[in-house]
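Structure file protein-v6.cif (mmCIF, C-alpha atoms) is printed below.
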data_my_file
loop_
_atom_site.label_atom_id
_atom_site.label_comp_id
_atom_site.auth_asym_id
_atom_site.auth_seq_id
_atom_site.Cartn_x
_atom_site.Cartn_y
_atom_site.Cartn_z
CA MET A 1 0.00 0.00 0.00
CA ALA A 2 1.18 3.44 -0.85
CA ASN A 3 2.34 5.65 1.97
CA LEU A 4 3.15 9.26 2.57
CA LYS A 5 4.62 10.10 5.92
CA PRO A 6 1.84 11.94 7.76
CA THR A 7 2.80 15.27 9.25
CA GLU A 8 2.09 16.32 12.85
CA ASP A 9 -0.91 18.45 11.85
CA GLN A 10 -2.33 15.63 9.75
CA LEU A 11 -1.98 13.10 12.59
CA ALA A 12 -3.54 15.45 15.14
CA TYR A 13 -6.45 16.10 12.77
CA ALA A 14 -6.88 12.36 12.15
CA ASN A 15 -6.83 11.45 15.86
CA LEU A 16 -9.48 14.02 16.80
CA LEU A 17 -11.60 13.13 13.77
CA ASP A 18 -11.47 9.47 14.77
CA ILE A 19 -12.66 10.15 18.32
CA GLY A 20 -15.33 12.64 17.22
CA MET A 21 -16.69 10.34 14.54
CA LYS A 22 -16.96 7.38 16.92
CA VAL A 23 -18.62 9.44 19.68
CA GLY A 24 -21.04 10.95 17.13
CA LEU A 25 -22.04 7.62 15.61
CA ALA A 26 -22.50 6.00 19.02
CA GLY A 27 -24.64 8.95 20.10
CA LEU A 28 -26.65 8.70 16.91
CA PHE A 29 -27.39 5.04 17.51
CA ILE A 30 -28.43 5.62 21.15
CA ALA A 31 -30.61 8.64 20.31
CA PHE A 32 -32.30 6.78 17.47
CA VAL A 33 -33.15 3.84 19.74
CA ILE A 34 -34.66 6.31 22.24
CA TYR A 35 -36.67 7.87 19.40
CA VAL A 36 -37.92 4.70 17.69
CA PHE A 37 -38.88 2.94 20.92
CA GLN A 38 -40.42 6.18 22.14
CA ILE A 39 -38.52 6.15 25.42
CA LEU A 40 -38.89 9.90 25.02
CA PRO A 41 -42.09 10.96 23.23
CA PRO A 42 -41.61 12.24 19.66
CA TYR A 43 -42.70 15.78 18.82
CA VAL A 44 -44.12 14.62 15.48
CA PRO A 45 -46.04 11.39 16.18
CA ILE A 46 -44.29 8.53 14.45
CA ASN A 47 -47.53 7.19 12.94
CA GLU A 48 -48.05 10.53 11.22
CA LEU A 49 -44.65 10.52 9.55
CA PRO A 50 -45.80 9.09 6.18
CA ALA A 51 -48.15 12.05 5.84
CA MET A 52 -45.31 14.46 6.66
CA TRP A 53 -42.76 12.95 4.29
CA LYS A 54 -44.67 14.16 1.22
CA LEU A 55 -44.54 17.79 2.36
CA ASN A 56 -41.89 20.14 1.11
CA LEU A 57 -39.81 22.00 3.67
CA HIS A 58 -42.11 25.04 3.88
CA GLU A 59 -45.27 22.94 4.26
CA TYR A 60 -43.57 20.66 6.79
CA LEU A 61 -42.47 23.57 8.98
CA GLU A 62 -45.93 25.17 8.80
CA THR A 63 -47.75 21.93 9.62
CA THR A 64 -45.52 20.92 12.50
CA LYS A 65 -44.90 24.48 13.80
CA ILE A 66 -41.20 23.65 13.93
CA LYS A 67 -39.03 26.76 13.85
CA GLN A 68 -35.80 26.96 11.90
CA GLY A 69 -32.31 27.49 13.28
CA TRP A 70 -31.28 26.32 16.75
CA PHE A 71 -34.89 26.01 17.97
CA TRP A 72 -34.42 22.23 18.22
CA ILE A 73 -32.00 22.63 21.12
CA THR A 74 -34.96 23.69 23.32
CA MET A 75 -36.88 20.56 22.31
CA LEU A 76 -34.50 17.83 23.42
CA ARG A 77 -37.17 16.33 25.65
CA TYR A 78 -38.67 14.91 22.46
CA GLY A 79 -37.13 11.77 20.94
CA ASP A 80 -37.03 13.10 17.37
CA PHE A 81 -35.23 16.28 18.39
CA LEU A 82 -32.83 14.34 20.61
CA THR A 83 -31.43 12.68 17.46
CA PHE A 84 -30.51 16.17 16.20
CA LEU A 85 -27.89 16.35 18.96
CA PRO A 86 -25.54 13.63 17.57
CA ILE A 87 -26.35 14.70 14.00
CA CYS A 88 -25.24 18.23 14.87
CA PHE A 89 -22.22 16.90 16.77
CA LEU A 90 -21.09 14.96 13.67
CA ALA A 91 -21.30 18.18 11.68
CA PHE A 92 -19.22 19.97 14.35
CA VAL A 93 -16.40 17.39 14.36
CA THR A 94 -14.68 19.00 11.37
CA ILE A 95 -14.72 22.40 13.09
CA PHE A 96 -13.06 20.90 16.19
CA CYS A 97 -10.41 19.34 13.95
CA PHE A 98 -9.57 22.64 12.26
CA LEU A 99 -9.34 24.43 15.61
CA ARG A 100 -7.02 21.62 16.78
CA VAL A 101 -4.47 22.13 14.00
CA ILE A 102 -4.21 25.93 14.24
CA PRO A 103 -1.75 25.90 17.21
CA ILE A 104 0.35 23.26 15.41
CA TYR A 105 0.68 25.49 12.35
CA LEU A 106 1.49 28.49 14.55
CA LYS A 107 4.14 26.50 16.40
CA LYS A 108 5.73 25.57 13.07
CA GLY A 109 5.60 29.21 11.97
CA ASP A 110 3.20 28.35 9.16
CA LYS A 111 1.03 31.43 9.57
CA LEU A 112 -0.60 31.04 6.16
CA TYR A 113 -2.05 27.61 6.95
CA ALA A 114 -2.98 28.71 10.49
CA PHE A 115 -4.97 31.51 8.85
CA LEU A 116 -6.55 29.17 6.27
CA ALA A 117 -7.55 26.69 9.00
CA LEU A 118 -9.03 29.51 11.08
CA LEU A 119 -10.90 30.85 8.06
CA GLN A 120 -12.26 27.37 7.33
CA ALA A 121 -13.44 26.98 10.92
CA LEU A 122 -15.12 30.40 10.76
CA ILE A 123 -16.90 29.55 7.50
CA LEU A 124 -18.22 26.33 9.00
CA LEU A 125 -19.25 28.21 12.14
CA LEU A 126 -21.10 30.72 9.97
CA ALA A 127 -22.95 27.83 8.32
CA ALA A 128 -23.66 26.39 11.77
CA SER A 129 -24.82 29.69 13.22
CA GLY A 130 -28.28 29.53 11.75
CA ILE A 131 -27.93 32.97 10.18
CA LEU A 132 -27.93 31.31 6.77
CA LYS A 133 -31.16 29.38 6.45
CA VAL A 134 -33.72 29.03 3.74
CA GLY A 135 -37.49 29.08 3.77
CA HIS A 136 -39.66 28.57 0.72
CA MET B 1 -14.56 16.58 -28.83
CA VAL B 2 -15.42 16.24 -25.14
CA ARG B 3 -15.70 20.04 -24.90
CA ARG B 4 -18.19 20.11 -27.79
CA GLU B 5 -20.22 17.32 -26.17
CA PHE B 6 -20.16 19.21 -22.88
CA LEU B 7 -21.43 22.40 -24.54
CA ALA B 8 -24.20 20.47 -26.30
CA PHE B 9 -25.16 18.83 -22.99
CA PHE B 10 -25.18 22.24 -21.29
CA ALA B 11 -27.40 23.75 -24.01
CA VAL B 12 -29.89 20.87 -23.81
CA GLY B 13 -29.89 21.20 -20.01
CA LEU B 14 -30.64 24.89 -20.18
CA VAL B 15 -33.59 24.33 -22.51
CA LEU B 16 -34.96 21.57 -20.26
CA CYS B 17 -34.68 23.80 -17.18
CA ILE B 18 -36.64 26.53 -18.92
CA ILE B 19 -39.27 23.96 -19.90
CA SER B 20 -39.49 22.65 -16.33
CA PHE B 21 -39.80 26.23 -15.02
CA ALA B 22 -42.60 26.95 -17.47
CA PHE B 23 -44.54 23.72 -17.65
CA GLY B 24 -43.29 21.28 -15.05
CA GLY B 25 -45.36 22.31 -12.05
CA GLU B 26 -44.61 21.04 -8.55
CA ALA B 27 -43.54 17.43 -8.70
CA GLN B 28 -46.06 15.09 -7.16
CA LEU B 29 -44.99 12.29 -4.89
CA PRO B 30 -46.35 8.76 -4.67
CA THR B 31 -47.95 9.61 -1.36
CA ASN B 32 -50.99 7.39 -1.51
CA SER B 33 -48.94 4.57 -0.06
CA THR B 34 -50.71 2.57 2.62
CA LEU B 35 -47.47 1.22 4.05
CA PRO B 36 -46.83 2.15 7.70
CA TRP B 37 -43.82 4.24 8.73
CA TRP B 38 -41.79 1.26 9.92
CA ALA B 39 -42.16 -0.50 6.57
CA TRP B 40 -40.67 2.49 4.73
CA THR B 41 -37.91 2.75 7.34
CA LEU B 42 -37.11 -0.94 6.91
CA ILE B 43 -37.17 -0.75 3.11
CA LEU B 44 -34.94 2.35 3.29
CA PHE B 45 -32.49 0.53 5.56
CA VAL B 46 -32.33 -2.53 3.28
CA LEU B 47 -31.95 -0.38 0.16
CA THR B 48 -29.20 1.76 1.67
CA PHE B 49 -27.44 -1.38 2.88
CA ILE B 50 -27.41 -2.65 -0.73
CA LEU B 51 -26.37 0.80 -1.99
CA GLY B 52 -23.48 0.75 0.49
CA ILE B 53 -22.24 -2.54 -0.99
CA VAL B 54 -22.76 -1.43 -4.59
CA ALA B 55 -21.07 1.95 -3.95
CA VAL B 56 -17.90 0.33 -2.62
CA LEU B 57 -17.78 -2.24 -5.41
CA GLY B 58 -18.55 0.37 -8.04
CA GLY B 59 -16.00 2.83 -6.69
CA VAL B 60 -18.47 5.66 -6.11
CA GLY B 61 -19.66 7.47 -2.99
CA GLY B 62 -22.94 6.48 -1.35
CA GLY B 63 -24.43 9.96 -1.71
CA VAL B 64 -24.40 9.97 -5.49
CA LEU B 65 -26.57 6.83 -5.59
CA PHE B 66 -28.67 7.71 -2.55
CA VAL B 67 -30.24 11.01 -3.64
CA PRO B 68 -31.52 10.08 -7.11
CA ILE B 69 -32.70 6.59 -6.12
CA VAL B 70 -34.36 7.45 -2.80
CA GLY B 71 -35.59 10.79 -4.18
CA GLY B 72 -37.08 9.07 -7.22
CA PHE B 73 -38.71 6.03 -5.72
CA PHE B 74 -39.55 6.75 -2.06
CA PRO B 75 -42.45 8.87 -0.77
CA PHE B 76 -40.06 11.43 0.70
CA ASN B 77 -39.88 15.04 -0.41
CA LEU B 78 -36.62 15.84 -2.18
CA ASP B 79 -35.79 18.53 0.42
CA PHE B 80 -35.39 15.85 3.09
CA VAL B 81 -33.73 13.34 0.77
CA ARG B 82 -31.00 15.86 -0.07
CA GLY B 83 -30.50 16.65 3.62
CA ALA B 84 -30.16 12.93 4.33
CA GLY B 85 -27.88 12.50 1.30
CA LEU B 86 -25.49 15.09 2.68
CA PHE B 87 -25.30 13.35 6.05
CA VAL B 88 -24.83 9.97 4.34
CA ALA B 89 -21.89 11.38 2.36
CA LEU B 90 -20.59 13.28 5.40
CA THR B 91 -20.56 10.33 7.79
CA GLY B 92 -18.95 8.11 5.16
CA ALA B 93 -16.20 10.69 4.71
CA LEU B 94 -15.79 11.20 8.47
CA ALA B 95 -15.43 7.45 8.96
CA ALA B 96 -12.85 7.10 6.18
CA GLY B 97 -10.92 10.28 7.05
CA PRO B 98 -8.79 9.15 10.02
CA GLY B 99 -7.41 6.09 8.23
CA LEU B 100 -6.68 7.96 5.03
CA LEU B 101 -4.91 10.78 6.89
CA ARG B 102 -2.89 8.49 9.15
CA ARG B 103 -1.70 6.35 6.26
CA GLY B 104 -0.73 9.50 4.43
CA LEU B 105 -3.02 8.76 1.51
CA ALA B 106 -5.10 11.90 1.99
CA ASP B 107 -3.12 15.13 2.04
CA LEU B 108 -4.31 17.80 4.50
CA ARG B 109 -2.14 20.52 2.95
CA LEU B 110 -3.70 19.92 -0.44
CA ALA B 111 -7.20 19.63 0.99
CA ILE B 112 -7.36 22.80 3.11
CA PRO B 113 -7.30 25.50 0.40
CA LEU B 114 -9.61 23.51 -1.88
CA ALA B 115 -12.00 22.73 0.99
CA LEU B 116 -12.15 26.42 1.80
CA ILE B 117 -13.43 27.14 -1.71
CA ALA B 118 -15.70 24.10 -1.98
CA SER B 119 -17.31 24.45 1.46
CA SER B 120 -18.07 28.15 0.93
CA SER B 121 -19.65 27.31 -2.42
CA ALA B 122 -21.57 24.41 -0.90
CA ILE B 123 -23.29 26.87 1.47
CA VAL B 124 -24.47 28.87 -1.55
CA GLY B 125 -25.48 25.66 -3.33
CA ALA B 126 -27.52 24.44 -0.36
CA MET B 127 -29.35 27.76 -0.14
CA ILE B 128 -30.09 27.77 -3.87
CA GLY B 129 -31.24 24.15 -3.75
CA LEU B 130 -33.66 24.77 -0.90
CA ALA B 131 -35.03 27.93 -2.52
CA LEU B 132 -35.62 26.60 -6.04
CA PRO B 133 -38.93 24.96 -7.05
CA LYS B 134 -38.78 21.17 -6.75
CA ASN B 135 -39.39 20.51 -10.45
CA VAL B 136 -36.37 22.63 -11.35
CA VAL B 137 -34.23 20.89 -8.72
CA ASN B 138 -35.37 17.52 -10.07
CA THR B 139 -34.56 18.57 -13.64
CA LEU B 140 -31.13 19.84 -12.65
CA LEU B 141 -30.52 16.75 -10.51
CA GLY B 142 -31.46 14.50 -13.43
CA LEU B 143 -29.13 16.39 -15.75
CA THR B 144 -26.33 16.28 -13.17
CA ILE B 145 -26.71 12.53 -12.70
CA LEU B 146 -26.68 12.00 -16.47
CA GLY B 147 -23.60 14.25 -16.61
CA ILE B 148 -21.94 12.06 -13.95
CA VAL B 149 -22.65 8.98 -16.09
CA PHE B 150 -21.01 10.81 -18.99
CA ILE B 151 -17.97 11.72 -16.86
CA MET B 152 -17.68 8.13 -15.57
CA LEU B 153 -17.78 6.79 -19.12
CA LYS B 154 -15.43 9.34 -20.68
CA ALA B 155 -12.94 10.44 -18.02
CA LYS B 156 -9.64 8.64 -18.08
CA LYS B 157 -7.50 8.18 -15.01
CA SER B 158 -3.81 8.75 -14.73
CA GLU B 159 -1.94 6.74 -12.11
CA PHE B 160 1.04 9.12 -11.99
CA PRO B 161 0.30 12.33 -13.91
CA GLU B 162 3.28 14.33 -15.05
CA VAL B 163 3.60 17.81 -13.57
CA LYS B 164 6.62 19.58 -15.00
CA GLU B 165 6.48 22.51 -12.63
CA ALA B 166 4.25 23.55 -9.76
CA ASP B 167 2.27 26.71 -10.41
CA ALA B 168 2.74 29.87 -8.35
CA ILE B 169 -0.15 29.16 -5.95
CA ALA B 170 1.01 25.59 -5.33
CA LYS B 171 4.52 26.89 -4.65
CA ALA B 172 3.24 29.56 -2.26
CA LEU B 173 1.10 27.02 -0.38
CA GLY B 174 3.83 24.38 -0.39
CA ILE B 175 1.52 21.74 -1.85
CA GLY B 176 3.23 18.51 -2.80
CA GLY B 177 4.86 15.47 -1.30
CA VAL B 178 6.58 12.19 -1.85
CA TYR B 179 4.45 9.23 -2.80
CA VAL B 180 5.92 5.80 -2.20
CA GLU B 181 4.42 3.27 -4.56
CA PRO B 182 5.27 -0.29 -3.50
CA SER B 183 4.09 -1.82 -6.78
CA LEU B 184 6.88 0.11 -8.52
CA GLY B 185 9.20 0.07 -5.55
CA LYS B 186 10.07 3.72 -5.90
CA GLU B 187 9.33 7.13 -4.51
CA ILE B 188 7.31 9.45 -6.68
CA LYS B 189 7.60 13.13 -6.01
CA TRP B 190 4.41 14.96 -6.76
CA THR B 191 3.20 18.51 -6.89
CA VAL B 192 0.29 20.22 -8.60
CA HIS B 193 -0.34 22.65 -11.42
CA ARG B 194 -3.31 24.55 -12.89
CA THR B 195 -4.43 25.44 -9.36
CA PRO B 196 -6.33 28.61 -10.44
CA ILE B 197 -8.47 26.57 -12.87
CA ALA B 198 -8.99 23.91 -10.21
CA ILE B 199 -10.19 26.56 -7.77
CA GLY B 200 -12.79 27.62 -10.35
CA MET B 201 -13.85 23.99 -10.75
CA PHE B 202 -14.16 23.53 -6.99
CA ILE B 203 -16.53 26.51 -6.83
CA ILE B 204 -18.84 24.67 -9.25
CA ILE B 205 -18.35 21.33 -7.47
CA GLY B 206 -19.18 22.91 -4.09
CA VAL B 207 -22.36 24.53 -5.40
CA MET B 208 -23.52 21.23 -6.91
CA ALA B 209 -22.66 19.25 -3.77
CA GLY B 210 -24.71 21.63 -1.63
CA MET B 211 -27.57 21.94 -4.07
CA PHE B 212 -28.16 18.23 -4.62
CA GLY B 213 -26.70 16.62 -1.47
CA LEU B 214 -24.75 14.26 -3.67
CA GLY B 215 -21.29 14.25 -2.22
CA ALA B 216 -18.81 15.17 -4.91
CA GLY B 217 -16.19 12.45 -5.28
CA TRP B 218 -17.26 11.93 -8.88
CA ALA B 219 -16.07 15.47 -9.66
CA ASN B 220 -13.26 15.87 -7.11
CA VAL B 221 -11.21 12.96 -8.40
CA PRO B 222 -11.01 14.00 -12.08
CA VAL B 223 -10.13 17.59 -11.09
CA LEU B 224 -7.45 16.53 -8.60
CA ASN B 225 -6.03 13.77 -10.79
CA LEU B 226 -6.40 14.90 -14.40
CA LEU B 227 -6.38 18.68 -13.99
CA MET B 228 -4.05 19.27 -11.03
CA GLY B 229 -1.86 16.22 -11.60
CA VAL B 230 -2.25 14.57 -8.19
CA PRO B 231 -1.34 10.83 -8.22
CA LEU B 232 -4.51 8.75 -8.45
CA LYS B 233 -4.36 7.16 -4.98
CA VAL B 234 -3.72 10.51 -3.31
CA ALA B 235 -6.47 12.11 -5.44
CA VAL B 236 -9.08 9.48 -4.52
CA SER B 237 -8.18 9.62 -0.81
CA THR B 238 -7.98 13.41 -0.61
CA SER B 239 -11.30 13.65 -2.45
CA LYS B 240 -12.97 11.39 0.12
CA PHE B 241 -11.51 13.45 2.94
CA LEU B 242 -12.55 16.72 1.24
CA LEU B 243 -16.18 15.60 1.36
CA SER B 244 -16.06 15.65 5.15
CA ILE B 245 -15.45 19.41 4.96
CA THR B 246 -17.53 20.37 1.91
CA ASP B 247 -20.58 18.46 3.08
CA THR B 248 -20.33 19.79 6.64
CA SER B 249 -21.07 23.35 5.54
CA ALA B 250 -24.03 22.33 3.38
CA ALA B 251 -25.30 19.92 6.05
CA PHE B 252 -25.50 22.80 8.54
CA ILE B 253 -27.69 24.77 6.12
CA TYR B 254 -30.09 21.84 5.76
CA LEU B 255 -30.06 21.27 9.53
CA ASN B 256 -30.76 24.92 10.35
CA SER B 257 -33.42 25.15 7.66
CA GLY B 258 -35.25 22.18 9.21
CA ALA B 259 -34.73 19.85 6.23
CA ILE B 260 -33.61 16.92 8.35
CA SER B 261 -35.87 14.00 9.18
CA PRO B 262 -34.20 11.59 11.64
CA MET B 263 -36.35 8.71 10.40
CA ILE B 264 -34.80 9.14 6.95
CA VAL B 265 -31.30 10.19 8.00
CA VAL B 266 -30.39 7.58 10.63
CA PRO B 267 -31.47 4.34 8.87
CA SER B 268 -29.76 5.62 5.73
CA ILE B 269 -26.47 6.36 7.51
CA VAL B 270 -26.48 3.01 9.32
CA GLY B 271 -27.53 1.11 6.17
CA ILE B 272 -24.87 2.68 3.95
CA MET B 273 -22.12 2.25 6.56
CA LEU B 274 -22.94 -1.42 7.20
CA GLY B 275 -23.24 -1.98 3.46
CA SER B 276 -19.84 -0.35 2.91
CA ILE B 277 -18.24 -2.66 5.48
CA VAL B 278 -19.72 -5.71 3.73
CA GLY B 279 -18.81 -4.23 0.34
CA VAL B 280 -15.14 -3.92 1.29
CA ARG B 281 -15.12 -7.58 2.36
CA ILE B 282 -16.59 -8.89 -0.89
CA LEU B 283 -14.58 -6.52 -3.07
CA ALA B 284 -11.89 -9.14 -3.50
CA VAL B 285 -14.20 -11.77 -4.94
CA THR B 286 -16.21 -9.72 -7.44
CA LYS B 287 -15.61 -8.42 -10.92
CA PRO B 288 -15.46 -4.63 -10.62
CA LYS B 289 -16.32 -4.16 -14.31
CA VAL B 290 -19.71 -5.85 -13.91
CA ILE B 291 -20.49 -3.79 -10.79
CA ARG B 292 -19.46 -0.62 -12.59
CA ILE B 293 -21.98 -1.38 -15.33
CA VAL B 294 -24.65 -1.90 -12.65
CA VAL B 295 -23.74 1.44 -11.04
CA LEU B 296 -23.87 3.22 -14.40
CA ALA B 297 -27.22 1.61 -15.20
CA LEU B 298 -28.60 2.63 -11.78
CA LEU B 299 -27.39 6.19 -12.24
CA LEU B 300 -28.74 6.37 -15.79
CA PHE B 301 -32.16 5.09 -14.72
CA SER B 302 -32.46 7.28 -11.62
CA GLY B 303 -31.09 10.29 -13.52
CA LEU B 304 -33.74 9.86 -16.21
CA ARG B 305 -36.37 9.39 -13.51
CA ALA B 306 -35.40 12.68 -11.82
CA LEU B 307 -35.30 14.49 -15.17
CA LEU B 308 -38.71 13.19 -16.27
CA LYS B 309 -40.14 13.92 -12.83
CA GLY B 310 -38.84 17.48 -13.06
CA LEU B 311 -40.40 17.90 -16.48
CA GLY B 312 -43.71 16.54 -15.17
CA ILE B 313 -43.60 13.55 -17.57
CA TRP B 314 -43.14 10.72 -15.02
CA ASN B 315 -44.59 11.59 -11.61
#

Would you mind writing the file out in structure tokens?
Amino acid sequence: MANLKPTEDQLAYANLLDIGMKVGLAGLFIAFVIYVFQILPPYVPINELPAMWKLNLHEYLETTKIKQGWFWITMLRYGDFLTFLPICFLAFVTIFCFLRVIPIYLKKGDKLYAFLALLQALILLLAASGILKVGH
Amino acid sequence: MVRREFLAFFAVGLVLCIISFAFGGEAQLPTNSTLPWWAWTLILFVLTFILGIVAVLGGVGGGVLFVPIVGGFFPFNLDFVRGAGLFVALTGALAAGPGLLRRGLADLRLAIPLALIASSSAIVGAMIGLALPKNVVNTLLGLTILGIVFIMLKAKKSEFPEVKEADAIAKALGIGGVYVEPSLGKEIKWTVHRTPIAIGMFIIIGVMAGMFGLGAGWANVPVLNLLMGVPLKVAVSTSKFLLSITDTSAAFIYLNSGAISPMIVVPSIVGIMLGSIVGVRILAVTKPKVIRIVVLALLLFSGLRALLKGLGIWN
């Protein structure tokens, strides 16, 4: 198998990504079990899901009265919203990884890549912020 | 020749989009199904499990098969299918990332500047995709899938592309490395060229990845390998890793917009991941050429389905 010697930044990124991915997937599995077996009640009744699936985003949000953005974080007592927690965590893993490599680049005096990694983390944080969302 | 075919394809696509805008109407879904929720969840899990196997054997990402097939044949609105597709592609890339980085097959230094471009564009793509009428998205999705079939049929691969000299951007960013290829028993020094053109391509790739929730390995690899001159193994691995960044930005837009349904997302992720594990195990005993034909046929069929759905011909 082909090999390139991984650099310190690459290894640090890989190690954090590995942990984050495993934690996220384990959380996803647990939250989904809680949702499907209704250990916590779902906000949208599971039996009504087939009727909801046909709706487009706008109709779905209107019918269910679900608000966009980080509203779901206030609804974690419901099984369906609880699954958003590991889903969101998985999306955050990459941001953690970029923040992790910035000090390594700075230590090596690679200011350009430290800046690029910071910029990447900020772009992902902007996407995560909920400022950029779309209604129909 | 390929350029002329591309322009012809683009012109036909433009005309079809105008037609779908004018006459397509909102795509109707097969919603009169009497199946209960758990039956659809189970069918989705089984299908994604099979897709996971086929994707590995066919050498494509799960997302590119997931969106057109699930979007075309399941009673789910395309908004939620694309959201799920992004998370399917994202989790696959997150799972593969650590191994590829540790073994030095994916190159972080190469990925960072390109990811910056692609992930910013993916945000724009996701917002466009969620704002456009469904028939137009279906038409564009169909055309994109048919374009992917075209790329898969036409694009050649180069194991060790020749790059005479790194361009100015590549030099400034210090992109390059030494690739040790055991089959040849020698070290191959690589760098990249045509970075400015590649940046332009990654803007388009990012927009499409965000708009359709497809993942973008089908486009990343030819750009990295054929355009920039990255050795094939490094190109394939870096492309897979890149998806974990590109799809993250678009996934956040879908999440914040509310276009995530856990009952679609979770079985799909689990199904594709389990399927991928099985796929890797049976890779050694199958004929990749046959599987590739199956993948192309699946893409062709689901691409046509999305296109005809968008045009209001096959609802």

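We find atom CA of B:Met208 and atom CA of B:Gly125 to be spaced 6.0 Å apart.
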
Contact residues around stretch 94-105 of chain A with all atoms listed in the file at 6 Å, ignoring same-chain residues under 3 positions, as an MDAnalysis selection string
chainID A and resid 9 13 108 110 114 117 121

Closest of B:Ile151, B:Ile50, B:Met263, B:Ile69 to A:Pro45, counting all atoms listed in the file, is B:Met263

What residues in chain B have any atom no more than 7 Å from chain A when counting all atoms listed in the file, and can you write them as a ChimeraX atom specification?
/B:29,31,37,75-77,79,94-95,97-98,101-105,108,113,116,120,123,127,130-131,178-182,245,248-249,252-253,256-259,262

Could those residues be written to a file, using C-alpha atoms, as a compact mmCIF listing (two decimals), in the frame of the given file?
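Saved as out-v6.txt:
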# COMPACT_ATOMS: atom_id res chain seq x y z
CA LEU B 29 -44.99 12.29 -4.89
CA THR B 31 -47.95 9.61 -1.36
CA TRP B 37 -43.82 4.24 8.73
CA PRO B 75 -42.45 8.87 -0.77
CA PHE B 76 -40.06 11.43 0.70
CA ASN B 77 -39.88 15.04 -0.41
CA ASP B 79 -35.79 18.53 0.42
CA LEU B 94 -15.79 11.20 8.47
CA ALA B 95 -15.43 7.45 8.96
CA GLY B 97 -10.92 10.28 7.05
CA PRO B 98 -8.79 9.15 10.02
CA LEU B 101 -4.91 10.78 6.89
CA ARG B 102 -2.89 8.49 9.15
CA ARG B 103 -1.70 6.35 6.26
CA GLY B 104 -0.73 9.50 4.43
CA LEU B 105 -3.02 8.76 1.51
CA LEU B 108 -4.31 17.80 4.50
CA PRO B 113 -7.30 25.50 0.40
CA LEU B 116 -12.15 26.42 1.80
CA SER B 120 -18.07 28.15 0.93
CA ILE B 123 -23.29 26.87 1.47
CA MET B 127 -29.35 27.76 -0.14
CA LEU B 130 -33.66 24.77 -0.90
CA ALA B 131 -35.03 27.93 -2.52
CA VAL B 178 6.58 12.19 -1.85
CA TYR B 179 4.45 9.23 -2.80
CA VAL B 180 5.92 5.80 -2.20
CA GLU B 181 4.42 3.27 -4.56
CA PRO B 182 5.27 -0.29 -3.50
CA ILE B 245 -15.45 19.41 4.96
CA THR B 248 -20.33 19.79 6.64
CA SER B 249 -21.07 23.35 5.54
CA PHE B 252 -25.50 22.80 8.54
CA ILE B 253 -27.69 24.77 6.12
CA ASN B 256 -30.76 24.92 10.35
CA SER B 257 -33.42 25.15 7.66
CA GLY B 258 -35.25 22.18 9.21
CA ALA B 259 -34.73 19.85 6.23
CA PRO B 262 -34.20 11.59 11.64

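In this structure, atom CA of B:Arg281 sits 22.1 Å away from atom CA of B:Val234.
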
List as a PyMOL selection string the protein and nucleic acid residues near B:Thr246, meaning an atom at most 6 Å away when only C-alpha atoms are counted, but skip any in the same chain fewer than 3 places from it.
chain B and resi 118-119+243+249

Resulting file, chosen residues, C-alpha atoms, as a PDB file, keeping the file's coordinate frame:
ATOM      1  CA  ALA B 118     -15.700  24.100  -1.980  1.00  0.00           C
ATOM      2  CA  SER B 119     -17.310  24.450   1.460  1.00  0.00           C
ATOM      3  CA  LEU B 243     -16.180  15.600   1.360  1.00  0.00           C
ATOM      4  CA  SER B 249     -21.070  23.350   5.540  1.00  0.00           C
TER       5      SER B 249
END

In Å to one decimal, how far is atom CA of B:Glu165 from atom CA of B:Lys189?
11.5 Å

Using only C-alpha atoms, find the one residue out of B:Gly215, B:Gly303, B:Pro36, B:Gly99 that sits nearest to B:Val64.
B:Gly215
